[in-house]
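Novice: One structure, pasted below without further comment.
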Amino acid sequence: MLKACVLALGGVFLAQNGLAQEAVGDPEAGRKLAGQCRTCHGIDGFAKIPIAPHIGGENPAYITHQLTAFREGTRVHEMMTVVAKNLDDTAIANLAAWYSSQTPVAALSARQSPDDAPEGCVACHGVDGIAQIEDAPNLAGETTMYIDTQLKAFRTGKRTHDIMTGIAAEMTNAEIRAVAEWYAAVDFKVNPPQ
């Protein structure tokens, strides 16, 4: 798993140049649009249901990339594909600006030691689940079910990514569960914009 992560990191750094070119949105316009997102993700990006990820404090390029993928059908989800289909580039940029204006706060729980963090994940997702690169999501405080489901989707090809598909393909169910449980145990909250 570590070998796949190291080999793939070169692609991440190359891909980041393309992500950095995304349009800058208006956070206030995004806040108004976020009303349609609040049932699952919360108005501040702290998920309200266990199958939805926290998106408050995500990198705006990551949010833009994911919403665009849902809109274009390169990533499919029964709810998000329908929602994103009606978002133009400006709406996506505004939502990304709003959710990224939140501040993610993560801390290892009392029962976690940084030495026990999933070695193959920390370069991109951090020890505490706060992403270290713009094309990786924060994993801090996500539910075990959500992370487990996403890793298995990468492993089966239901969801694809230049890096995660290869990494997940080499993971056993036990390894997936261990990663999911690690990041789910991290204490996480989303602070409002300053």
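Simple scheme: letters A, B, ... for chains in structure tokens order, numbers from 1 for residues in each chain, numbers from 1 for ligands in the order shown.
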List the spatial neighbours of Gln102 (chain A) as a ChimeraX atom specification - criterion: any atom at most 7 Å away, only C-alpha atoms, same-chain residues fewer than 3 positions off excluded.
Specialist: /A:44,56-57,99,190-193
Novice: Counting only C-alpha atoms, what is within 9 Å of region 66-74 of chain A, bar same-chain residues fewer than 5 positions away, as a list in words?
Specialist: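 In the requested form, the answer reads Ala61, Met80, Thr81, Val82, Val83, Ala84, Lys85, Asn86, Leu87, Asp88, Asp89, Ile92, Ala96, Arg159 and Thr160 of chain A.
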Novice: How many Å separate CA of Ile147 (chain A) from CA of Val24 (chain A)?
Specialist: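 Interatomic distance here is 28.7 Å.
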Novice: So that I can check the surroundings of Ala180 (chain A), please list as an MDAnalysis selection string every protein, DNA and RNA residue that reaches within 9 Å of it, counting only C-alpha atoms and ignoring chain neighbours fewer than 2 positions away.
Specialist: chainID A and resid 139 142:148 151 175:178 182:185
Novice: Got time to write the residues from that selection, C-alpha atoms, as a PDB file, in the first residue's frame?
Specialist:
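Writing done, so here's selection_22.pdb:
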ATOM      1  CA  LEU A 139     -10.986  12.452   6.442  1.00  0.00           C
ATOM      2  CA  GLU A 142     -15.853  10.982   8.865  1.00  0.00           C
ATOM      3  CA  THR A 143     -17.895   7.947   9.821  1.00  0.00           C
ATOM      4  CA  THR A 144     -16.338   4.506   9.574  1.00  0.00           C
ATOM      5  CA  MET A 145     -19.148   3.576   7.201  1.00  0.00           C
ATOM      6  CA  TYR A 146     -18.419   6.480   4.845  1.00  0.00           C
ATOM      7  CA  ILE A 147     -14.654   5.892   4.601  1.00  0.00           C
ATOM      8  CA  ASP A 148     -15.098   2.112   4.313  1.00  0.00           C
ATOM      9  CA  LEU A 151     -12.322   2.839  -0.189  1.00  0.00           C
ATOM     10  CA  GLU A 175      -6.858  -2.688   6.202  1.00  0.00           C
ATOM     11  CA  ILE A 176      -9.771  -0.649   4.892  1.00  0.00           C
ATOM     12  CA  ARG A 177     -11.596  -1.006   8.203  1.00  0.00           C
ATOM     13  CA  ALA A 178      -8.455   0.006  10.164  1.00  0.00           C
ATOM     14  CA  TRP A 182      -8.555   5.595  12.602  1.00  0.00           C
ATOM     15  CA  TYR A 183      -9.961   8.674  10.884  1.00  0.00           C
ATOM     16  CA  ALA A 184     -13.455   8.200  12.332  1.00  0.00           C
ATOM     17  CA  ALA A 185     -11.951   8.333  15.840  1.00  0.00           C
TER      18      ALA A 185
END
Novice: Counting only C-alpha atoms, which residues in region 64-107 of chain A sit no more than 8 Å from region 26-37 of chain A? For each one, give the nearest pair of atoms and the distance in Å, sorted by chain then residue number, as a tab-separated table.
Specialist:
residue	atom	partner	partner_atom	distance
A:Ala91	CA	A:Gly30	CA	7.1
A:Ala93	CA	A:Asp26	CA	7.3
A:Asn94	CA	A:Gly30	CA	4.2
A:Leu95	CA	A:Gly30	CA	4.2
A:Ala96	CA	A:Gly30	CA	7.2
A:Ala97	CA	A:Pro27	CA	4.7
A:Trp98	CA	A:Pro27	CA	4.0
A:Tyr99	CA	A:Pro27	CA	7.7
A:Ser101	CA	A:Pro27	CA	7.1
Novice: What's around region 122-133 of chain A at 8 Å? Count only C-alpha atoms, leave out sequence neighbours fewer than 5 positions away in its own chain, and write the answer as a PyMOL selection string.
Specialist: chain A and resi 104+106-108+114+117+138-141+183+186
Novice: Considering only C-alpha atoms, can you say which of A:Asp115, A:Ala169, A:Gly25, A:Glu78 comes closest to Ser100 (chain A)?
Specialist: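 Smallest distance to Ser100 (chain A) is found for A:Gly25.
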Novice: With distances taken over only C-alpha atoms, which residue among A:Lys48, A:Ala110, A:Glu119, A:Arg75 lies nearest Ala153 (chain A)?
Specialist: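 Using only C-alpha atoms, Ala153 (chain A) sits closest to A:Arg75.
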Novice: As an exercise, work out the distance from CA of Lys158 (chain A) to CA of Val179 (chain A) in Å and give it to one decimal place.
Specialist: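 Between these atoms lies a distance of 19.3 Å.
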